[in-house]
$ cat structure20.tsv   # TSV, C-alpha atoms
chain	number	residue	atom	x	y	z
E	1	MET	CA	55.72	-33.76	-90.43
E	2	GLN	CA	53.05	-31.10	-90.06
E	3	THR	CA	54.54	-29.91	-86.77
E	4	LEU	CA	57.98	-29.85	-88.28
E	5	ARG	CA	56.78	-27.72	-91.19
E	6	CYS	CA	55.04	-25.37	-88.76
E	7	LEU	CA	58.19	-25.08	-86.69
E	8	LEU	CA	60.24	-24.35	-89.77
E	9	VAL	CA	57.89	-21.53	-90.75
E	10	PHE	CA	58.17	-19.98	-87.29
E	11	VAL	CA	61.94	-20.24	-87.26
E	12	LEU	CA	62.23	-18.65	-90.69
E	13	MET	CA	59.82	-15.88	-89.81
E	14	SER	CA	61.51	-14.96	-86.54
E	15	GLY	CA	64.29	-13.20	-88.42
E	16	SER	CA	62.00	-10.49	-89.68
E	17	ALA	CA	60.19	-9.86	-86.41
E	18	HIS	CA	60.04	-6.19	-85.49
E	19	ALA	CA	60.02	-5.09	-81.88
E	20	ALA	CA	58.69	-1.73	-82.99
E	21	ILE	CA	54.99	-1.48	-83.59
E	22	ASP	CA	54.57	2.06	-84.81
E	23	ALA	CA	51.40	2.83	-86.68
E	24	TYR	CA	53.03	4.68	-89.55
E	25	VAL	CA	50.95	5.08	-92.65
E	26	PHE	CA	52.53	5.04	-96.08
E	27	PRO	CA	50.80	5.93	-99.33
E	28	SER	CA	52.44	3.07	-101.19
E	29	LYS	CA	53.95	-0.36	-100.62
E	30	ASP	CA	57.27	0.77	-102.07
E	31	LEU	CA	57.65	3.54	-99.51
E	32	ARG	CA	56.79	1.15	-96.72
E	33	ALA	CA	59.39	-1.31	-97.99
E	34	ARG	CA	62.00	1.45	-98.07
E	35	TYR	CA	61.09	2.44	-94.51
E	36	TYR	CA	61.59	-1.11	-93.23
E	37	ASP	CA	64.79	-1.45	-95.20
E	38	LEU	CA	66.19	1.76	-93.70
E	39	ILE	CA	65.28	1.07	-90.07
E	40	GLU	CA	66.76	-2.38	-90.57
E	41	GLN	CA	70.16	-1.06	-91.63
E	42	LEU	CA	70.38	1.87	-89.22
E	43	ARG	CA	71.78	1.20	-85.77
E	44	CYS	CA	70.16	2.57	-82.65
E	45	PRO	CA	72.68	5.09	-81.18
E	46	GLN	CA	71.66	4.28	-77.61
E	47	CYS	CA	72.00	0.53	-77.98
E	48	LEU	CA	75.14	-1.41	-78.70
E	49	ASN	CA	73.86	-3.97	-81.12
E	50	THR	CA	70.27	-3.33	-82.11
E	51	ASN	CA	68.97	-1.64	-85.20
E	52	LEU	CA	66.27	1.01	-85.21
E	53	ALA	CA	63.69	-1.62	-86.11
E	54	GLY	CA	64.46	-3.74	-83.07
E	55	SER	CA	64.76	-1.10	-80.38
E	56	ASP	CA	62.25	0.49	-78.06
E	57	ALA	CA	64.71	3.11	-76.85
E	58	MET	CA	63.36	6.65	-76.97
E	59	ILE	CA	65.96	7.74	-79.49
E	60	ALA	CA	65.08	4.80	-81.76
E	61	GLN	CA	61.42	5.84	-81.69
E	62	ASP	CA	62.35	9.42	-82.53
E	63	LEU	CA	64.64	8.35	-85.36
E	64	ARG	CA	62.00	6.03	-86.83
E	65	ARG	CA	59.64	8.99	-86.84
E	66	GLU	CA	62.30	11.03	-88.66
E	67	VAL	CA	62.84	8.28	-91.24
E	68	HIS	CA	59.10	8.14	-91.84
E	69	ARG	CA	58.90	11.92	-92.18
E	70	MET	CA	61.80	12.09	-94.61
E	71	ILE	CA	60.43	9.28	-96.77
E	72	LEU	CA	57.09	11.07	-97.03
E	73	GLU	CA	58.93	14.29	-97.91
E	74	GLY	CA	60.39	12.46	-100.88
E	75	GLN	CA	64.00	12.25	-99.71
E	76	THR	CA	66.17	9.51	-101.20
E	77	ASP	CA	67.72	6.69	-99.17
E	78	ALA	CA	71.13	8.28	-99.67
E	79	GLU	CA	69.87	11.59	-98.25
E	80	ILE	CA	68.35	9.88	-95.22
E	81	LEU	CA	71.53	7.92	-94.52
E	82	GLN	CA	73.51	11.13	-94.90
E	83	PHE	CA	71.19	12.86	-92.40
E	84	MET	CA	71.86	10.11	-89.85
E	85	HIS	CA	75.58	9.95	-90.55
E	86	HIS	CA	75.91	13.73	-90.20
E	87	ARG	CA	74.48	13.51	-86.68
E	88	TYR	CA	75.55	10.15	-85.33
E	89	GLY	CA	78.62	9.25	-87.38
E	90	ASP	CA	79.79	5.84	-88.57
E	91	PHE	CA	78.23	4.21	-85.51
E	92	VAL	CA	74.73	4.56	-86.90
E	93	LEU	CA	75.47	2.70	-90.15
E	94	TYR	CA	75.63	-1.06	-89.87
E	95	LYS	CA	77.57	-1.03	-93.11
E	96	PRO	CA	80.33	1.47	-92.36
E	97	ARG	CA	81.64	3.75	-95.08
E	98	PHE	CA	85.11	3.38	-96.46
E	99	ASN	CA	87.29	6.08	-94.93
E	100	SER	CA	90.56	6.64	-93.08
E	101	SER	CA	89.31	4.99	-89.89
E	102	THR	CA	87.46	2.06	-91.47
E	103	TRP	CA	89.79	0.94	-94.27
E	104	VAL	CA	91.43	-1.66	-92.00
E	105	LEU	CA	88.00	-3.10	-91.29
E	106	TRP	CA	87.17	-3.34	-94.99
E	107	LEU	CA	90.53	-4.56	-96.25
E	108	ALA	CA	91.59	-6.87	-93.41
E	109	PRO	CA	89.65	-9.96	-94.59
E	110	GLY	CA	91.17	-9.69	-98.08
E	111	MET	CA	94.64	-9.14	-96.67
E	112	VAL	CA	94.35	-12.07	-94.28
E	113	PHE	CA	93.12	-14.24	-97.15
E	114	CYS	CA	96.07	-13.23	-99.35
E	115	VAL	CA	98.56	-13.96	-96.55
E	116	ALA	CA	96.96	-17.35	-95.92
E	117	LEU	CA	96.98	-18.16	-99.63
E	118	ALA	CA	100.63	-17.17	-99.96
E	119	GLY	CA	101.45	-19.32	-96.92
E	120	CYS	CA	99.65	-22.31	-98.44
E	121	ILE	CA	101.46	-21.92	-101.77
E	122	ILE	CA	104.85	-21.67	-100.06
E	123	MET	CA	104.12	-24.72	-97.92
E	124	VAL	CA	102.93	-26.83	-100.84
E	125	ARG	CA	105.93	-25.83	-102.97
E	126	ARG	CA	108.34	-26.66	-100.17
E	127	ARG	CA	106.72	-30.02	-99.59
E	128	GLN	CA	106.81	-30.80	-103.32
E	129	SER	CA	110.52	-30.09	-103.55
E	130	GLN	CA	111.12	-32.28	-100.49
E	131	GLY	CA	108.91	-35.06	-101.83
E	132	SER	CA	110.95	-35.54	-104.99
E	133	VAL	CA	113.83	-37.20	-103.17
E	134	SER	CA	114.91	-40.12	-105.35
E	135	LEU	CA	115.21	-43.54	-103.76
E	136	SER	CA	118.40	-45.44	-103.95
E	137	ASP	CA	118.29	-48.83	-105.72
E	138	LEU	CA	118.55	-50.61	-102.40
E	139	ASP	CA	115.61	-48.70	-100.96
E	140	ARG	CA	113.56	-49.41	-104.05
E	141	GLN	CA	114.19	-53.12	-103.71
E	142	ARG	CA	113.16	-53.01	-100.06
E	143	LEU	CA	110.02	-51.11	-100.94
E	144	ASP	CA	109.06	-53.60	-103.63
E	145	GLN	CA	109.73	-56.41	-101.16
E	146	LEU	CA	107.49	-54.83	-98.53
E	147	LEU	CA	104.67	-54.22	-100.96
E	148	ARG	CA	104.86	-57.79	-102.22
E	149	ASP	CA	104.77	-59.19	-98.66
E	150	LYS	CA	101.72	-57.13	-97.87
E	151	ALA	CA	99.91	-58.48	-100.92
U	1	MET	CA	114.54	-26.38	-82.12
U	2	ILE	CA	112.84	-25.99	-85.48
U	3	VAL	CA	109.72	-27.64	-84.10
U	4	ALA	CA	109.67	-25.18	-81.19
U	5	ARG	CA	109.85	-22.22	-83.55
U	6	ARG	CA	106.91	-23.49	-85.55
U	7	PHE	CA	104.81	-23.52	-82.41
U	8	LEU	CA	105.99	-20.12	-81.24
U	9	VAL	CA	104.65	-18.27	-84.28
U	10	PRO	CA	100.95	-18.97	-83.57
U	11	LEU	CA	101.55	-18.47	-79.86
U	12	PHE	CA	102.90	-14.96	-80.40
U	13	GLY	CA	100.17	-14.27	-82.93
U	14	PHE	CA	97.58	-15.27	-80.36
U	15	LEU	CA	99.16	-13.15	-77.61
U	16	GLY	CA	99.25	-10.19	-79.99
U	17	LEU	CA	95.56	-10.60	-80.75
U	18	VAL	CA	94.71	-10.88	-77.04
U	19	THR	CA	96.62	-7.65	-76.34
U	20	VAL	CA	94.92	-5.73	-79.14
U	21	LEU	CA	91.45	-6.91	-78.13
U	22	ALA	CA	92.05	-6.34	-74.41
U	23	LEU	CA	93.17	-2.76	-75.08
U	24	GLY	CA	90.31	-2.18	-77.49
U	25	PHE	CA	87.68	-3.38	-75.04
U	26	ARG	CA	89.10	-1.74	-71.94
U	27	LEU	CA	90.19	1.65	-73.22
U	28	GLN	CA	87.06	2.45	-75.18
U	29	ASP	CA	83.67	2.69	-73.64
U	30	PRO	CA	81.51	1.33	-76.46
U	31	HIS	CA	78.59	3.41	-75.22
U	32	LEU	CA	80.37	6.65	-76.06
U	33	LEU	CA	79.88	7.71	-79.63
U	34	PRO	CA	82.49	10.05	-81.04
U	35	SER	CA	80.76	13.38	-81.46
U	36	GLN	CA	80.03	14.49	-84.98
U	37	MET	CA	79.11	17.97	-83.82
U	38	LEU	CA	82.51	19.16	-82.60
U	39	ASN	CA	83.49	22.52	-84.09
U	40	ARG	CA	80.21	22.80	-85.93
U	41	PRO	CA	77.82	25.69	-85.32
U	42	LEU	CA	74.65	25.08	-83.36
U	43	PRO	CA	71.91	23.75	-85.64
U	44	ALA	CA	69.17	26.25	-86.39
U	45	PHE	CA	66.02	25.80	-84.35
U	46	ASN	CA	62.92	27.61	-83.25
U	47	LEU	CA	61.33	25.89	-80.27
U	48	PRO	CA	58.90	26.91	-77.54
U	49	ARG	CA	60.16	28.19	-74.22
U	50	LEU	CA	59.59	25.85	-71.32
U	51	GLY	CA	56.61	27.15	-69.38
U	52	ASN	CA	55.89	29.86	-71.94
U	53	PRO	CA	55.01	28.04	-75.16
U	54	SER	CA	53.63	31.10	-76.95
U	55	LYS	CA	57.19	32.40	-77.23
U	56	THR	CA	60.17	30.63	-78.77
U	57	TRP	CA	63.92	30.40	-78.43
U	58	SER	CA	66.25	30.17	-81.40
U	59	GLU	CA	69.95	29.38	-81.75
U	60	LYS	CA	70.70	33.11	-81.81
U	61	ASP	CA	69.54	33.43	-78.20
U	62	LEU	CA	72.51	31.29	-77.18
U	63	TYR	CA	75.18	33.41	-78.92
U	64	GLY	CA	77.35	36.06	-77.34
U	65	LYS	CA	79.29	34.37	-74.55
U	66	VAL	CA	80.93	31.07	-73.76
U	67	SER	CA	78.12	28.95	-72.34
U	68	LEU	CA	76.90	25.48	-71.44
U	69	LEU	CA	74.01	23.73	-73.12
U	70	ASN	CA	72.64	20.92	-70.95
U	71	VAL	CA	70.24	18.23	-72.16
U	72	TRP	CA	68.04	17.11	-69.27
U	73	ALA	CA	64.74	15.41	-68.54
U	74	THR	CA	62.67	14.38	-65.55
U	75	TRP	CA	62.72	10.73	-66.71
U	76	CYS	CA	66.50	10.70	-66.50
U	77	PRO	CA	67.80	9.47	-63.12
U	78	SER	CA	71.35	10.66	-63.79
U	79	CYS	CA	70.01	14.18	-64.24
U	80	VAL	CA	68.94	14.27	-60.58
U	81	HIS	CA	72.45	13.17	-59.77
U	82	GLU	CA	73.97	15.91	-61.92
U	83	HIS	CA	71.69	18.69	-60.79
U	84	PRO	CA	73.57	19.84	-57.64
U	85	GLN	CA	76.70	20.38	-59.73
U	86	LEU	CA	74.75	22.51	-62.22
U	87	MET	CA	73.34	24.53	-59.30
U	88	ARG	CA	76.84	25.03	-57.97
U	89	ILE	CA	78.11	26.19	-61.37
U	90	SER	CA	75.24	28.64	-61.75
U	91	ARG	CA	75.94	30.07	-58.28
U	92	GLU	CA	79.71	30.21	-58.34
U	93	GLN	CA	80.74	30.59	-61.97
U	94	ASP	CA	80.30	33.36	-64.46
U	95	ILE	CA	78.86	31.20	-67.21
U	96	SER	CA	75.35	30.79	-68.58
U	97	ILE	CA	73.73	27.37	-68.54
U	98	PHE	CA	71.07	26.84	-71.17
U	99	GLY	CA	68.73	23.87	-70.83
U	100	ILE	CA	67.17	21.58	-73.39
U	101	ASN	CA	64.25	19.84	-71.74
U	102	TYR	CA	64.37	16.68	-73.82
U	103	ASN	CA	61.34	14.50	-74.64
U	104	ASP	CA	59.65	15.57	-71.46
U	105	ASP	CA	56.38	16.79	-70.06
U	106	THR	CA	56.06	20.52	-69.31
U	107	VAL	CA	54.16	20.09	-66.04
U	108	LYS	CA	56.63	17.54	-64.72
U	109	ALA	CA	59.61	19.59	-65.87
U	110	LEU	CA	58.42	22.76	-64.16
U	111	ALA	CA	57.67	20.85	-60.94
U	112	TRP	CA	61.15	19.35	-61.11
U	113	LEU	CA	62.79	22.79	-61.37
U	114	GLN	CA	60.63	23.99	-58.50
U	115	ARG	CA	61.76	21.10	-56.36
U	116	TYR	CA	65.48	20.94	-57.15
U	117	GLY	CA	66.15	24.55	-58.14
U	118	ASP	CA	66.65	26.17	-61.53
U	119	PRO	CA	70.24	26.65	-62.69
U	120	PHE	CA	69.21	27.52	-66.25
U	121	GLN	CA	69.33	30.90	-67.91
U	122	LEU	CA	66.67	29.68	-70.31
U	123	ASN	CA	65.03	26.38	-71.10
U	124	ILE	CA	64.12	25.07	-74.53
U	125	ALA	CA	61.13	22.72	-74.61
U	126	ASP	CA	62.32	20.07	-77.08
U	127	HIS	CA	59.49	17.68	-76.48
U	128	ASP	CA	59.79	15.81	-79.80
U	129	GLY	CA	63.55	15.52	-79.58
U	130	GLN	CA	63.91	17.60	-82.75
U	131	LEU	CA	66.85	19.71	-81.60
U	132	ALA	CA	68.32	16.74	-79.75
U	133	ILE	CA	68.46	14.74	-82.99
U	134	ASP	CA	70.08	17.65	-84.80
U	135	LEU	CA	72.68	17.76	-82.03
U	136	GLY	CA	73.32	14.02	-82.28
U	137	VAL	CA	72.03	13.50	-78.73
U	138	TYR	CA	71.11	9.91	-77.87
U	139	GLY	CA	70.40	10.12	-74.15
U	140	ALA	CA	70.46	12.41	-71.18
U	141	PRO	CA	72.28	14.09	-69.59
U	142	GLU	CA	74.60	15.51	-72.21
U	143	THR	CA	76.38	18.83	-71.96
U	144	PHE	CA	77.75	20.94	-74.80
U	145	LEU	CA	80.28	23.73	-74.41
U	146	LEU	CA	79.54	26.61	-76.79
U	147	ASP	CA	81.85	29.45	-77.67
U	148	ALA	CA	80.68	33.05	-78.10
U	149	LYS	CA	79.80	32.45	-81.76
U	150	GLY	CA	77.63	29.45	-80.91
U	151	ILE	CA	80.12	26.86	-82.17
U	152	ILE	CA	80.19	23.56	-80.29
U	153	ARG	CA	83.62	23.17	-78.71
U	154	TYR	CA	83.08	20.15	-76.52
U	155	ARG	CA	80.45	17.58	-75.77
U	156	HIS	CA	80.20	15.56	-72.61
U	157	VAL	CA	77.98	12.47	-72.54
U	158	GLY	CA	76.83	11.60	-69.02
U	159	VAL	CA	76.95	13.37	-65.70
U	160	VAL	CA	79.07	16.50	-65.26
U	161	ASP	CA	80.30	16.00	-61.73
U	162	GLU	CA	82.82	17.99	-59.74
U	163	GLN	CA	85.75	16.14	-61.25
U	164	VAL	CA	84.60	16.42	-64.87
U	165	TRP	CA	83.98	20.10	-64.25
U	166	ALA	CA	87.43	20.71	-62.77
U	167	ASP	CA	89.43	18.48	-65.11
U	168	ILE	CA	87.74	19.05	-68.45
U	169	PHE	CA	85.43	22.05	-68.49
U	170	THR	CA	87.36	24.58	-66.40
U	171	PRO	CA	90.55	24.53	-68.53
U	172	MET	CA	88.56	24.55	-71.79
U	173	ILE	CA	86.43	27.48	-70.68
U	174	ALA	CA	89.53	29.41	-69.59
U	175	GLU	CA	91.08	28.76	-73.00
U	176	LEU	CA	87.93	29.83	-74.87
U	177	ASN	CA	87.64	33.01	-72.79
U	178	ARG	CA	91.28	33.77	-73.46
U	179	GLN	CA	90.79	33.36	-77.22
U	180	ASP	CA	87.66	35.46	-77.04
U	181	GLY	CA	89.38	38.24	-75.11
U	182	GLY	CA	92.42	38.13	-77.39
U	183	SER	CA	90.56	38.51	-80.67
$ encode --input "structure20.tsv" --output "structure tokens"
Amino acid sequence: MQTLRCLLVFVLMSGSAHAAIDAYVFPSKDLRARYYDLIEQLRCPQCLNTNLAGSDAMIAQDLRREVHRMILEGQTDAEILQFMHHRYGDFVLYKPRFNSSTWVLWLAPGMVFCVALAGCIIMVRRRQSQGSVSLSDLDRQRLDQLLRDKA
Amino acid sequence: MIVARRFLVPLFGFLGLVTVLALGFRLQDPHLLPSQMLNRPLPAFNLPRLGNPSKTWSEKDLYGKVSLLNVWATWCPSCVHEHPQLMRISREQDISIFGINYNDDTVKALAWLQRYGDPFQLNIADHDGQLAIDLGVYGAPETFLLDAKGIIRYRHVGVVDEQVWADIFTPMIAELNRQDGGS
């Protein structure tokens, strides 16, 4: 039981492991939290699927330094994200903005869901109208007979 | 026949999906980011000269003529590969090549130029990657094509080899020079 609990703690903690061990100093806990939040949601431009927090690429180190600098300068999260987007485009944001090239990405799940829902409704309706076929008297008698035999 | 049609719909749907994904994965190199800097002016900077850190270069030093701005470093193996082509351009073409020595070490960089030759008109020592970040650079080598007003007209990620030079840069430079001469 003890081992299991230990294992569980390790597994849960592994999600927040940071590959980057930069010794950045922040005057407050809030600023530090914002820093980790930002490097978590920014994507390393050199890597295909790693965020700034998880990458040791040179550009990721430089961008972490920039994020740290901008936080200390008092810039807002929106300004920092804008700074990154201005230079590296949609690629750098793990949560892409809604624009002419990303609307399909944002709307596709909803559209697929609507199509699937409509399909389901049509199928159920069709089946219902087919199911209401009335039995002839002869069929009914046979059905009763069969049910009685089974019992 | 009705049964067959019911099975054909998902089959065609699946084939459609395979086609879209195959095209998406094969036609686009996921390592190439679309450049945000196209048709924007060079970002302002004031950085030390490579080998002469008491003096600086600024964006204005790159204005005046159509030119190339090459991001290079001694830690970048592809840069060694690209270097002969840059040397050839500097010898045979009437175009300035400006260098950004990116996240590098001055001593190593100077030794490198000594060893392989120096195709650069001037070299900016961007040893914190400050200018590189402002240019949206995420590796080396990268080469920007600047017009006479210092506006970025093209960006090439990776090695500029003979073919890239002939197929992409030469026609663009001719076009920029024509526009420049015409205005």
$ interface_residues --input "structure20.tsv" --of "chain E" --to "chain U" --cutoff "7 Å" --atoms "all atoms listed in the file" --output "short mmCIF file (atom, residue, chain, number, x, y, z; two decimals) with C-alpha atoms, keeping the file's coordinate frame"
data_model
loop_
_atom_site.label_atom_id
_atom_site.label_comp_id
_atom_site.auth_asym_id
_atom_site.auth_seq_id
_atom_site.Cartn_x
_atom_site.Cartn_y
_atom_site.Cartn_z
CA PRO E 45 72.68 5.09 -81.18
CA GLN E 46 71.66 4.28 -77.61
CA LEU E 48 75.14 -1.41 -78.70
CA ILE E 59 65.96 7.74 -79.49
CA ASP E 62 62.35 9.42 -82.53
CA HIS E 86 75.91 13.73 -90.20
CA ARG E 87 74.48 13.51 -86.68
CA TYR E 88 75.55 10.15 -85.33
CA GLY E 89 78.62 9.25 -87.38
#
$ closest_residue --input "structure20.tsv" --among "U:Gly16, U:Gly117, U:Gly150, U:Gly64" --to "Met87 in chain U" --atoms "all atoms listed in the file"
U:Gly117
$ atom_distance --input "structure20.tsv" --atom1 "CA of Ile151 in chain U" --atom2 "CA of Asp126 in chain U"
19.7 Å
$ closest_residue --input "structure20.tsv" --among "U:Phe144, U:Phe7, U:Phe120, U:Phe45" --to "Arg88 in chain U" --atoms "all atoms listed in the file"
U:Phe120
$ residues_around --input "structure20.tsv" --residues "Ala174 in chain U" --least-positions-apart "4" --cutoff "12 Å" --atoms "only C-alpha atoms" --output "number ranges by chain"
U: 66-67, 93-95, 145, 147, 166-170, 178-181
$ atom_distance --input "structure20.tsv" --atom1 "CA of Asp61 in chain U" --atom2 "CA of Tyr102 in chain U"
18.1 Å
$ residues_near_point --input "structure20.tsv" --point "(70.9, 33.2, -77.9)" --cutoff "10 Å" --atoms "only C-alpha atoms" --output "PyMOL selection string"
chain U and resi 57-65+98+122+148-150
$ write_last_selection --input "structure20.tsv" --atoms "C-alpha atoms" --output "mmCIF file, in the coordinates of the input"
data_model
loop_
_atom_site.group_PDB
_atom_site.id
_atom_site.type_symbol
_atom_site.label_atom_id
_atom_site.label_comp_id
_atom_site.auth_asym_id
_atom_site.auth_seq_id
_atom_site.Cartn_x
_atom_site.Cartn_y
_atom_site.Cartn_z
ATOM 1 C CA TRP U 57 63.920 30.400 -78.430
ATOM 2 C CA SER U 58 66.250 30.170 -81.400
ATOM 3 C CA GLU U 59 69.950 29.380 -81.750
ATOM 4 C CA LYS U 60 70.700 33.110 -81.810
ATOM 5 C CA ASP U 61 69.540 33.430 -78.200
ATOM 6 C CA LEU U 62 72.510 31.290 -77.180
ATOM 7 C CA TYR U 63 75.180 33.410 -78.920
ATOM 8 C CA GLY U 64 77.350 36.060 -77.340
ATOM 9 C CA LYS U 65 79.290 34.370 -74.550
ATOM 10 C CA PHE U 98 71.070 26.840 -71.170
ATOM 11 C CA LEU U 122 66.670 29.680 -70.310
ATOM 12 C CA ALA U 148 80.680 33.050 -78.100
ATOM 13 C CA LYS U 149 79.800 32.450 -81.760
ATOM 14 C CA GLY U 150 77.630 29.450 -80.910
#
